[in-house]
>>> print(open('data.cif').read())   # mmCIF, C-alpha atoms
data_coords
loop_
_atom_site.group_PDB
_atom_site.id
_atom_site.type_symbol
_atom_site.label_atom_id
_atom_site.label_comp_id
_atom_site.auth_asym_id
_atom_site.auth_seq_id
_atom_site.Cartn_x
_atom_site.Cartn_y
_atom_site.Cartn_z
ATOM 1 C CA MET X 13 0.000 0.000 0.000
ATOM 2 C CA GLU X 14 1.353 3.412 -0.971
ATOM 3 C CA LYS X 15 2.422 5.391 2.059
ATOM 4 C CA LEU X 16 0.119 8.390 2.410
ATOM 5 C CA VAL X 17 2.385 10.788 4.239
ATOM 6 C CA LEU X 18 5.607 11.563 2.402
ATOM 7 C CA THR X 19 5.660 15.054 3.825
ATOM 8 C CA ARG X 20 2.823 17.093 5.228
ATOM 9 C CA HIS X 21 2.840 19.556 2.361
ATOM 10 C CA ALA X 22 3.080 16.878 -0.346
ATOM 11 C CA ALA X 23 0.191 14.936 1.165
ATOM 12 C CA VAL X 24 -2.052 17.955 1.545
ATOM 13 C CA ALA X 25 -1.313 18.989 -2.068
ATOM 14 C CA ARG X 26 -2.590 15.611 -3.300
ATOM 15 C CA LEU X 27 -5.852 15.644 -1.334
ATOM 16 C CA PRO X 28 -8.180 17.105 -3.991
ATOM 17 C CA ARG X 29 -7.140 14.549 -6.617
ATOM 18 C CA MET X 30 -7.279 11.642 -4.165
ATOM 19 C CA VAL X 31 -10.816 12.511 -3.095
ATOM 20 C CA ASP X 32 -12.138 13.499 -6.515
ATOM 21 C CA ASP X 33 -10.813 10.298 -8.111
ATOM 22 C CA SER X 34 -12.722 8.109 -5.671
ATOM 23 C CA PRO X 35 -15.633 6.398 -7.478
ATOM 24 C CA SER X 36 -17.707 6.592 -4.283
ATOM 25 C CA PHE X 37 -18.375 10.324 -4.537
ATOM 26 C CA THR X 38 -20.246 12.445 -7.040
ATOM 27 C CA SER X 39 -18.116 15.410 -5.909
ATOM 28 C CA ALA X 40 -15.463 16.083 -3.301
ATOM 29 C CA PRO X 41 -16.931 16.128 0.226
ATOM 30 C CA PHE X 42 -16.058 18.761 2.806
ATOM 31 C CA ALA X 43 -14.890 21.260 0.199
ATOM 32 C CA GLY X 44 -15.499 24.116 2.631
ATOM 33 C CA GLY X 45 -17.294 26.513 0.277
ATOM 34 C CA LEU X 46 -20.131 28.881 1.177
ATOM 35 C CA GLU X 47 -22.672 27.384 -1.224
ATOM 36 C CA PRO X 48 -26.156 27.227 0.339
ATOM 37 C CA PHE X 49 -26.476 23.494 -0.372
ATOM 38 C CA THR X 50 -23.469 22.780 1.897
ATOM 39 C CA PHE X 51 -24.974 24.681 4.828
ATOM 40 C CA GLN X 52 -25.444 22.513 7.909
ATOM 41 C CA ARG X 53 -29.178 22.683 8.648
ATOM 42 C CA GLY X 54 -29.262 21.447 12.209
ATOM 43 C CA PRO X 55 -31.776 22.742 14.764
ATOM 44 C CA ALA X 56 -29.489 25.590 15.828
ATOM 45 C CA GLN X 57 -28.921 26.731 12.240
ATOM 46 C CA GLU X 58 -32.611 26.586 11.400
ATOM 47 C CA GLU X 59 -33.378 28.582 14.523
ATOM 48 C CA ALA X 60 -30.880 31.251 13.494
ATOM 49 C CA LEU X 61 -32.359 31.456 9.993
ATOM 50 C CA ALA X 62 -35.850 31.668 11.463
ATOM 51 C CA ARG X 63 -34.779 34.653 13.548
ATOM 52 C CA LEU X 64 -33.495 36.412 10.443
ATOM 53 C CA GLU X 65 -36.718 35.628 8.585
ATOM 54 C CA TRP X 66 -38.622 37.163 11.495
ATOM 55 C CA LEU X 67 -36.713 40.408 10.957
ATOM 56 C CA VAL X 68 -37.919 40.681 7.349
ATOM 57 C CA GLU X 69 -41.456 39.581 8.029
ATOM 58 C CA ASN X 70 -41.838 42.141 10.834
ATOM 59 C CA ALA X 71 -40.092 45.034 9.054
ATOM 60 C CA GLN X 72 -37.283 45.249 11.612
ATOM 61 C CA ARG X 73 -34.267 47.420 10.910
ATOM 62 C CA CYS X 74 -31.278 45.490 12.238
ATOM 63 C CA GLY X 75 -29.919 42.155 13.453
ATOM 64 C CA LEU X 76 -26.477 41.076 14.689
ATOM 65 C CA VAL X 77 -24.709 37.728 14.336
ATOM 66 C CA LEU X 78 -21.820 37.199 16.761
ATOM 67 C CA GLY X 79 -19.356 34.317 16.758
ATOM 68 C CA ASP X 80 -15.680 33.511 16.993
ATOM 69 C CA ASP X 81 -13.647 32.777 13.875
ATOM 70 C CA GLY X 82 -14.649 29.567 12.141
ATOM 71 C CA LEU X 83 -18.105 29.223 13.703
ATOM 72 C CA GLY X 84 -19.937 29.784 10.428
ATOM 73 C CA LYS X 85 -20.949 33.451 10.390
ATOM 74 C CA SER X 86 -20.205 33.878 6.698
ATOM 75 C CA HIS X 87 -21.960 30.625 5.754
ATOM 76 C CA LEU X 88 -25.013 31.578 7.815
ATOM 77 C CA LEU X 89 -25.133 34.953 6.088
ATOM 78 C CA ALA X 90 -24.913 33.338 2.635
ATOM 79 C CA ALA X 91 -27.699 30.899 3.504
ATOM 80 C CA ALA X 92 -29.766 33.729 4.969
ATOM 81 C CA GLY X 93 -29.390 35.715 1.762
ATOM 82 C CA ARG X 94 -30.900 32.859 -0.226
ATOM 83 C CA ARG X 95 -33.671 32.363 2.331
ATOM 84 C CA LEU X 96 -34.571 36.070 2.506
ATOM 85 C CA ALA X 97 -34.583 36.367 -1.292
ATOM 86 C CA GLY X 98 -37.126 33.560 -1.284
ATOM 87 C CA LEU X 99 -39.329 35.757 0.895
ATOM 88 C CA GLY X 100 -39.265 38.466 -1.769
ATOM 89 C CA ALA X 101 -36.473 40.620 -0.383
ATOM 90 C CA GLU X 102 -33.852 42.243 -2.569
ATOM 91 C CA VAL X 103 -30.602 41.008 -1.053
ATOM 92 C CA ALA X 104 -27.070 42.395 -1.220
ATOM 93 C CA LEU X 105 -24.215 40.652 0.594
ATOM 94 C CA LEU X 106 -20.911 42.440 1.175
ATOM 95 C CA SER X 107 -17.821 41.290 3.064
ATOM 96 C CA LEU X 108 -16.233 44.277 4.790
ATOM 97 C CA GLY X 109 -13.027 42.708 6.064
ATOM 98 C CA GLY X 110 -9.935 44.294 4.563
ATOM 99 C CA LEU X 111 -11.745 46.947 2.511
ATOM 100 C CA PRO X 112 -9.944 50.277 2.197
ATOM 101 C CA GLU X 113 -11.648 53.537 3.103
ATOM 102 C CA GLY X 114 -14.095 54.886 0.562
ATOM 103 C CA GLU X 115 -14.940 51.695 -1.367
ATOM 104 C CA TRP X 116 -17.732 49.986 0.551
ATOM 105 C CA LEU X 117 -20.604 52.011 -0.908
ATOM 106 C CA GLU X 118 -19.638 51.472 -4.547
ATOM 107 C CA LEU X 119 -19.204 47.758 -3.869
ATOM 108 C CA LEU X 120 -22.601 47.598 -2.207
ATOM 109 C CA LEU X 121 -24.220 49.336 -5.180
ATOM 110 C CA SER X 122 -22.576 46.843 -7.519
ATOM 111 C CA ARG X 123 -24.463 44.074 -5.713
ATOM 112 C CA LEU X 124 -27.845 45.737 -6.184
ATOM 113 C CA PRO X 125 -29.728 45.285 -9.499
ATOM 114 C CA LEU X 126 -29.733 48.956 -10.462
ATOM 115 C CA HIS X 127 -30.787 49.946 -13.957
ATOM 116 C CA HIS X 128 -27.844 51.027 -16.090
ATOM 117 C CA LEU X 129 -29.329 54.509 -16.393
ATOM 118 C CA SER X 130 -29.493 54.777 -12.621
ATOM 119 C CA ARG X 131 -25.860 53.752 -12.335
ATOM 120 C CA ALA X 132 -24.888 56.403 -14.901
ATOM 121 C CA GLU X 133 -26.696 59.257 -13.154
ATOM 122 C CA ASP X 134 -24.543 62.155 -12.031
ATOM 123 C CA THR X 135 -25.364 61.706 -8.346
ATOM 124 C CA THR X 136 -23.398 60.560 -5.317
ATOM 125 C CA PRO X 137 -23.232 56.847 -4.439
ATOM 126 C CA TRP X 138 -25.197 57.540 -1.267
ATOM 127 C CA GLN X 139 -27.981 59.222 -3.260
ATOM 128 C CA LYS X 140 -28.134 56.234 -5.615
ATOM 129 C CA LEU X 141 -28.480 53.922 -2.614
ATOM 130 C CA GLU X 142 -31.223 56.062 -1.076
ATOM 131 C CA ASP X 143 -33.096 56.161 -4.373
ATOM 132 C CA ARG X 144 -33.005 52.374 -4.609
ATOM 133 C CA LEU X 145 -34.196 51.945 -1.027
ATOM 134 C CA ARG X 146 -37.021 54.415 -1.659
ATOM 135 C CA GLU X 147 -38.017 52.561 -4.829
ATOM 136 C CA ASN X 148 -38.153 49.235 -2.991
ATOM 137 C CA THR X 149 -40.148 50.788 -0.153
ATOM 138 C CA LEU X 150 -42.710 52.210 -2.574
ATOM 139 C CA MET X 151 -43.026 48.749 -4.141
ATOM 140 C CA GLU X 152 -43.388 47.228 -0.642
ATOM 141 C CA ARG X 153 -40.334 45.097 -1.333
ATOM 142 C CA PRO X 154 -37.899 44.577 1.570
ATOM 143 C CA THR X 155 -34.224 45.313 1.056
ATOM 144 C CA ALA X 156 -31.861 43.090 3.047
ATOM 145 C CA LEU X 157 -28.307 44.429 3.268
ATOM 146 C CA LEU X 158 -26.026 41.747 4.716
ATOM 147 C CA PHE X 159 -22.590 42.839 5.946
ATOM 148 C CA ASP X 160 -19.955 40.287 6.925
ATOM 149 C CA ASP X 161 -17.132 41.207 9.346
ATOM 150 C CA LEU X 162 -18.516 44.558 10.476
ATOM 151 C CA ASP X 163 -15.888 44.687 13.212
ATOM 152 C CA GLN X 164 -13.164 44.664 10.525
ATOM 153 C CA ALA X 165 -14.800 47.341 8.371
ATOM 154 C CA PRO X 166 -13.198 50.723 7.667
ATOM 155 C CA ALA X 167 -14.515 53.596 9.744
ATOM 156 C CA ASP X 168 -16.536 55.160 6.920
ATOM 157 C CA ALA X 169 -18.372 51.860 6.339
ATOM 158 C CA ARG X 170 -19.266 51.481 10.015
ATOM 159 C CA LEU X 171 -20.586 55.048 10.129
ATOM 160 C CA GLY X 172 -22.542 54.642 6.895
ATOM 161 C CA ILE X 173 -24.155 51.403 8.024
ATOM 162 C CA ALA X 174 -25.039 52.993 11.365
ATOM 163 C CA ARG X 175 -26.718 55.791 9.409
ATOM 164 C CA LEU X 176 -28.815 53.247 7.516
ATOM 165 C CA VAL X 177 -29.886 51.601 10.762
ATOM 166 C CA ALA X 178 -30.663 54.806 12.663
ATOM 167 C CA ALA X 179 -32.405 56.748 9.857
ATOM 168 C CA VAL X 180 -36.098 57.439 10.479
ATOM 169 C CA GLU X 181 -36.996 58.637 6.968
ATOM 170 C CA PRO X 182 -39.790 56.655 5.254
ATOM 171 C CA ARG X 183 -37.420 55.658 2.460
ATOM 172 C CA PHE X 184 -35.705 53.283 4.917
ATOM 173 C CA ALA X 185 -38.908 51.723 6.230
ATOM 174 C CA ARG X 186 -38.387 48.421 4.389
ATOM 175 C CA THR X 187 -34.606 48.212 4.827
ATOM 176 C CA LEU X 188 -33.033 45.490 6.973
ATOM 177 C CA VAL X 189 -29.362 45.487 7.944
ATOM 178 C CA VAL X 190 -27.786 42.255 9.213
ATOM 179 C CA ALA X 191 -24.131 42.329 10.274
ATOM 180 C CA THR X 192 -21.681 39.758 11.608
ATOM 181 C CA SER X 193 -18.887 40.348 14.072
ATOM 182 C CA ASN X 194 -16.376 38.534 16.216
ATOM 183 C CA PRO X 195 -17.343 39.052 19.895
ATOM 184 C CA ALA X 196 -13.860 40.366 20.610
ATOM 185 C CA GLY X 197 -14.405 43.095 18.018
ATOM 186 C CA SER X 198 -17.936 44.032 19.043
ATOM 187 C CA GLY X 199 -16.584 47.246 20.555
ATOM 188 C CA GLN X 200 -15.996 48.427 16.982
ATOM 189 C CA ILE X 201 -19.715 48.214 16.216
ATOM 190 C CA PRO X 202 -21.359 51.645 16.420
ATOM 191 C CA GLU X 203 -23.683 52.127 19.371
ATOM 192 C CA ALA X 204 -26.591 52.924 17.037
ATOM 193 C CA ILE X 205 -26.382 49.417 15.574
ATOM 194 C CA ARG X 206 -26.034 47.647 18.909
ATOM 195 C CA GLN X 207 -28.990 49.496 20.400
ATOM 196 C CA ARG X 208 -31.305 48.910 17.450
ATOM 197 C CA ALA X 209 -30.537 45.243 16.863
ATOM 198 C CA ALA X 210 -33.889 43.500 17.312
ATOM 199 C CA VAL X 211 -32.216 40.080 17.230
ATOM 200 C CA ARG X 212 -28.770 39.103 18.487
ATOM 201 C CA ILE X 213 -27.704 35.673 17.266
ATOM 202 C CA GLU X 214 -24.756 34.097 19.054
ATOM 203 C CA LEU X 215 -23.064 31.212 17.255
ATOM 204 C CA VAL X 216 -21.357 28.567 19.371
ATOM 205 C CA ALA X 217 -19.264 25.463 18.745
ATOM 206 C CA TRP X 218 -21.000 22.304 17.564
ATOM 207 C CA SER X 219 -21.675 19.501 19.993
ATOM 208 C CA VAL X 220 -20.531 15.965 19.234
ATOM 209 C CA GLU X 221 -24.052 15.143 18.043
ATOM 210 C CA GLU X 222 -24.145 18.144 15.696
ATOM 211 C CA THR X 223 -20.713 17.256 14.315
ATOM 212 C CA ALA X 224 -21.768 13.663 13.674
ATOM 213 C CA SER X 225 -24.951 14.859 11.986
ATOM 214 C CA PHE X 226 -22.974 17.172 9.715
ATOM 215 C CA LEU X 227 -20.490 14.428 8.751
ATOM 216 C CA ALA X 228 -23.301 12.039 7.829
ATOM 217 C CA ALA X 229 -25.255 14.679 5.901
ATOM 218 C CA GLU X 230 -22.237 15.838 3.890
ATOM 219 C CA LEU X 231 -21.204 12.301 2.951
ATOM 220 C CA GLY X 232 -24.758 11.495 1.922
ATOM 221 C CA ARG X 233 -24.943 14.673 -0.166
ATOM 222 C CA VAL X 234 -22.035 13.557 -2.371
ATOM 223 C CA GLY X 235 -23.181 9.961 -2.726
ATOM 224 C CA GLY X 236 -21.031 8.471 0.028
ATOM 225 C CA ASP X 237 -21.951 6.285 2.993
ATOM 226 C CA PRO X 238 -23.420 8.515 5.732
ATOM 227 C CA GLY X 239 -22.100 6.045 8.321
ATOM 228 C CA TRP X 240 -18.512 6.060 7.060
ATOM 229 C CA PHE X 241 -17.354 7.942 10.163
ATOM 230 C CA SER X 242 -17.848 5.667 13.156
ATOM 231 C CA PRO X 243 -19.456 7.251 16.251
ATOM 232 C CA GLU X 244 -16.062 7.140 17.957
ATOM 233 C CA ALA X 245 -14.411 8.819 14.961
ATOM 234 C CA ALA X 246 -17.016 11.583 14.921
ATOM 235 C CA ALA X 247 -16.541 12.157 18.654
ATOM 236 C CA THR X 248 -12.756 12.243 18.275
ATOM 237 C CA LEU X 249 -12.972 14.656 15.360
ATOM 238 C CA ALA X 250 -15.347 16.927 17.271
ATOM 239 C CA ARG X 251 -13.020 17.075 20.252
ATOM 240 C CA PHE X 252 -9.852 17.683 18.243
ATOM 241 C CA ALA X 253 -11.641 20.412 16.257
ATOM 242 C CA GLY X 254 -13.132 21.964 19.355
ATOM 243 C CA GLY X 255 -16.541 21.884 17.671
ATOM 244 C CA VAL X 256 -15.488 24.724 15.350
ATOM 245 C CA PRO X 257 -17.276 24.114 12.020
ATOM 246 C CA ARG X 258 -14.424 25.390 9.847
ATOM 247 C CA THR X 259 -11.957 23.095 11.616
ATOM 248 C CA VAL X 260 -14.388 20.173 11.538
ATOM 249 C CA ILE X 261 -14.589 20.530 7.750
ATOM 250 C CA GLN X 262 -10.807 20.740 7.355
ATOM 251 C CA LEU X 263 -10.125 17.702 9.515
ATOM 252 C CA ALA X 264 -12.965 15.696 7.937
ATOM 253 C CA ARG X 265 -11.597 16.360 4.444
ATOM 254 C CA LEU X 266 -8.151 15.173 5.514
ATOM 255 C CA ALA X 267 -9.649 12.069 7.126
ATOM 256 C CA VAL X 268 -11.624 11.212 3.984
ATOM 257 C CA ALA X 269 -8.518 11.617 1.807
ATOM 258 C CA ALA X 270 -6.531 9.352 4.107
ATOM 259 C CA ALA X 271 -9.320 6.765 4.138
ATOM 260 C CA VAL X 272 -9.536 6.796 0.331
ATOM 261 C CA ALA X 273 -5.771 6.360 0.059
ATOM 262 C CA ASP X 274 -5.849 3.467 2.542
ATOM 263 C CA SER X 275 -8.997 1.912 0.991
ATOM 264 C CA ALA X 276 -10.444 1.945 4.499
ATOM 265 C CA GLU X 277 -13.908 0.447 4.859
ATOM 266 C CA ARG X 278 -14.668 2.825 7.711
ATOM 267 C CA ILE X 279 -13.102 5.891 9.294
ATOM 268 C CA ASP X 280 -12.312 5.110 12.918
ATOM 269 C CA ALA X 281 -10.965 7.190 15.792
ATOM 270 C CA ALA X 282 -7.395 5.995 15.217
ATOM 271 C CA LEU X 283 -7.410 7.229 11.619
ATOM 272 C CA VAL X 284 -8.766 10.627 12.717
ATOM 273 C CA GLU X 285 -5.980 10.971 15.271
ATOM 274 C CA ARG X 286 -3.337 9.870 12.743
ATOM 275 C CA VAL X 287 -4.560 12.503 10.294
ATOM 276 C CA TRP X 288 -4.594 15.126 13.029
ATOM 277 C CA ARG X 289 -0.986 14.342 13.925
ATOM 278 C CA GLU X 290 0.436 13.853 10.422
ATOM 279 C CA LEU X 291 -1.480 16.106 8.050
ATOM 280 C CA ALA X 292 -2.610 19.148 10.021
ATOM 281 C CA PRO X 293 -0.063 21.813 8.972
ATOM 282 C CA ASP X 294 2.002 22.299 12.147
ATOM 283 C CA GLY X 295 -1.135 21.369 14.083
ATOM 284 C CA SER X 296 -2.330 24.959 13.725
ATOM 285 C CA VAL X 297 -5.516 24.023 11.852
ATOM 286 C CA MET X 298 -6.670 21.967 14.800
ATOM 287 C CA LEU X 299 -5.810 24.533 17.454
ATOM 288 C CA ALA X 300 -8.275 27.194 16.367
ATOM 289 C CA ALA X 301 -10.418 26.432 19.421
ATOM 290 C CA ARG X 302 -10.014 24.497 22.629
ATOM 291 C CA PRO X 303 -11.858 21.175 22.877
ATOM 292 C CA LEU X 304 -12.756 19.477 26.148
ATOM 293 C CA ASP X 305 -9.358 17.807 26.372
ATOM 294 C CA ASP X 306 -6.731 20.490 25.913
ATOM 295 C CA VAL X 307 -5.338 19.795 22.438
ATOM 296 C CA HIS X 308 -2.278 21.839 23.302
ATOM 297 C CA SER X 309 -1.056 18.901 25.385
ATOM 298 C CA ALA X 310 1.568 16.646 23.862
ATOM 299 C CA GLU X 311 -0.513 13.476 23.961
ATOM 300 C CA PRO X 312 -4.216 14.024 23.291
ATOM 301 C CA SER X 313 -6.489 11.067 23.916
ATOM 302 C CA ALA X 314 -6.917 8.889 20.844
ATOM 303 C CA GLU X 315 -10.486 7.903 21.625
ATOM 304 C CA PRO X 316 -12.317 10.420 23.791
ATOM 305 C CA SER X 317 -15.510 9.178 25.311
ATOM 306 C CA ALA X 318 -18.613 9.840 23.250
ATOM 307 C CA ALA X 319 -20.474 10.106 26.546
ATOM 308 C CA GLU X 320 -18.771 13.444 27.212
ATOM 309 C CA PRO X 321 -20.112 15.763 24.476
ATOM 310 C CA LEU X 322 -19.055 19.341 24.067
ATOM 311 C CA PRO X 323 -21.128 21.763 26.155
ATOM 312 C CA ARG X 324 -24.539 22.325 24.609
ATOM 313 C CA VAL X 325 -25.311 26.034 24.382
ATOM 314 C CA ARG X 326 -28.193 27.668 22.558
ATOM 315 C CA VAL X 327 -27.141 29.393 19.349
ATOM 316 C CA VAL X 328 -29.207 32.509 19.979
ATOM 317 C CA ARG X 329 -30.658 34.477 22.842
ATOM 318 C CA ARG X 330 -34.371 34.274 23.346
ATOM 319 C CA LEU X 331 -36.158 36.993 21.467
ATOM 320 C CA PHE X 332 -39.017 37.306 23.891
ATOM 321 C CA GLY X 333 -38.524 37.462 27.658
#
>>> encode(input="data.cif", output="C-alpha cells")
Amino acid sequence: MEKLVLTRHAAVARLPRMVDDSPSFTSAPFAGGLEPFTFQRGPAQEEALARLEWLVENAQRCGLVLGDDGLGKSHLLAAAGRRLAGLGAEVALLSLGGLPEGEWLELLLSRLPLHHLSRAEDTTPWQKLEDRLRENTLMERPTALLFDDLDQAPADARLGIARLVAAVEPRFARTLVVATSNPAGSGQIPEAIRQRAAVRIELVAWSVEETASFLAAELGRVGGDPGWFSPEAAATLARFAGGVPRTVIQLARLAVAAAVADSAERIDAALVERVWRELAPDGSVMLAARPLDDVHSAEPSAEPSAAEPLPRVRVVRRLFG
C-alpha cells in the first residue's frame, strides 16, 4: 500500500485529486465553500435562519450575528441571503473585512440590481443607494443588506451602516441590515447598531451530536456512505476540532482523503488521530479552538468518550422574555 504521508505539504497537495478520483463520490466532500447546499441545517442553524426571517417579516431594521472565527458566520449569512430572497427581499451581501476607506458604498451598489441609467446618473453613491431603497419601499419590497465582518470594516463603512440603521426617513422603512462580528471586536460596532438590533444571534461550537450529523449529511450529499465515520471517529474529530465548524470541515476532508488512500472500509478514531498528527499543517488548523481535552497537550487522547459531548449552548438568545 502506498504510504500516504511523504511530507505534510506533499500529502495535503494531493488531497483534492485523491478525493475526486474516488468512485464513491459524485463530488469532493467537505470542500469548505459557502454554497447554500453545503450549509449545515441542524436545529441551531434553522433557529438562526428563522430569527433572520422574522426580521424581514416584521419590518425590523437590524440584526447582529456574533461568533468567533470559524463558527460559520459567513456561511449563515450566505444561507440567509438565499432564504430572505425567497421571501421576496432584494438582497445584497458584502464582506467588509480588509476593505480600504471609501470603497464599501460602490461595492454595495454593484451588488444591487440597479438599472444602467441609474448607475450612470450624475449623483453621489449615497444618493443612488437612497433612491433604490425608496423605490423598494414604494413597491413594498424589503431590502436586506447583509454585511460580513462589520468589526473589521473601515470607519466610513461602520458610520454609513449605522446611518442606515438609525435613519427614520420613510425611504428606509423596508430596509433590513444584518451584520456579523467577532465578539472580541464588538466594541468596533457603532452604538446605534447595537442598540437597534432586534435580534442578536450568538453562534457557538458544535456539539458531538451536531458534528456527527454534519459528517453524515455531507457524505450522503455527495453519494457516500453517511455512516462512514464511526461514532467514535465523529466524537474524536469533534473534540480535536473543538466543535469549530471550519476546523471540523478541514479535519474531515483530511480524514476522507486518508481513508480513500488506505482503501479503508470505515473511518475510525485511530485514523482521525493519525490525520490530526500527520497532516494538520504544524497542528495549527486543529488549534483554532479548545476542545474538552486540551489539544495543546503533547498526547491528546486517541479515543475520547462519546459520553462526554461538548457543552450544549443555545445558538441565539431568546427573542421574547
>>> closest_residue(input="data.cif", among="X:Glu133, X:Arg146, X:Ala210, X:Ala156", to="X:Arg63", atoms="all atoms listed in the file")
X:Ala210
>>> closest_residue(input="data.cif", among="X:Glu285, X:Asp161, X:Asp80, X:Glu142", to="X:Val256", atoms="all atoms listed in the file")
X:Asp80
>>> closest_residue(input="data.cif", among="X:Val190, X:Val287, X:Val268, X:Ile213", to="X:Glu230", atoms="all atoms listed in the file")
X:Val268
>>> axis_aligned_box(input="data.cif", around="stretch 227-245 of chain X", padding_each_side="5 Å", output="JSON")
{"center_x": -19.8, "center_y": 10.8, "center_z": 7.6, "size_x": 20.8, "size_y": 20.2, "size_z": 30.7}
>>> closest_atom_pairs(input="data.cif", of="stretch 233-281 of chain X", to="stretch 81-92 of chain X", cutoff="10 Å", atoms="all atoms listed in the file", output="Markdown table")
| residue | atom | partner | partner_atom | distance |
| --- | --- | --- | --- | --- |
| X:Gly255 | CA | X:Leu83 | CA | 8.5 |
| X:Val256 | CA | X:Leu83 | CA | 5.5 |
| X:Pro257 | CA | X:Leu83 | CA | 5.4 |
| X:Arg258 | CA | X:Gly82 | CA | 4.8 |
| X:Thr259 | CA | X:Gly82 | CA | 7.0 |
| X:Val260 | CA | X:Gly82 | CA | 9.4 |
>>> resolve_selection(input="data.cif", expression="the PyMOL selection byres ((chain X and resi 93-103) around 9)", output="PyMOL selection string")
chain X and resi 48+61+64-65+68-69+88-92+104-105+123-125+148+153-158
>>> atom_distance(input="data.cif", atom1="atom CA of X:Val177", atom2="atom CA of X:His127")
24.8 Å
>>> resolve_selection(input="data.cif", expression="the PyMOL selection byres ((chain X and resi 52) around 9)", output="PyMOL selection string")
chain X and resi 48-51+53-54+57-58+225-226+229-230
>>> resolve_selection(input="data.cif", expression="the PyMOL selection byres ((chain X and resi 233-241) around 9)", output="list in words")
Ser36, Phe37, Thr38, Ser39, Ala40, Pro41, Phe49, Thr50, Ala224, Leu227, Ala228, Ala229, Glu230, Leu231, Gly232, Ser242, Pro243, Glu244, Ala245, Ala246, Glu277, Arg278, Ile279, Asp280 and Ala281 of chain X
>>> residues_around(input="data.cif", residues="X:Trp138", least_positions_apart="2", cutoff="12 Å", atoms="all atoms listed in the file", output="NGL selection string")
:X and (114-121 or 131 or 134-136 or 140-145 or 169 or 172-173 or 175-176)
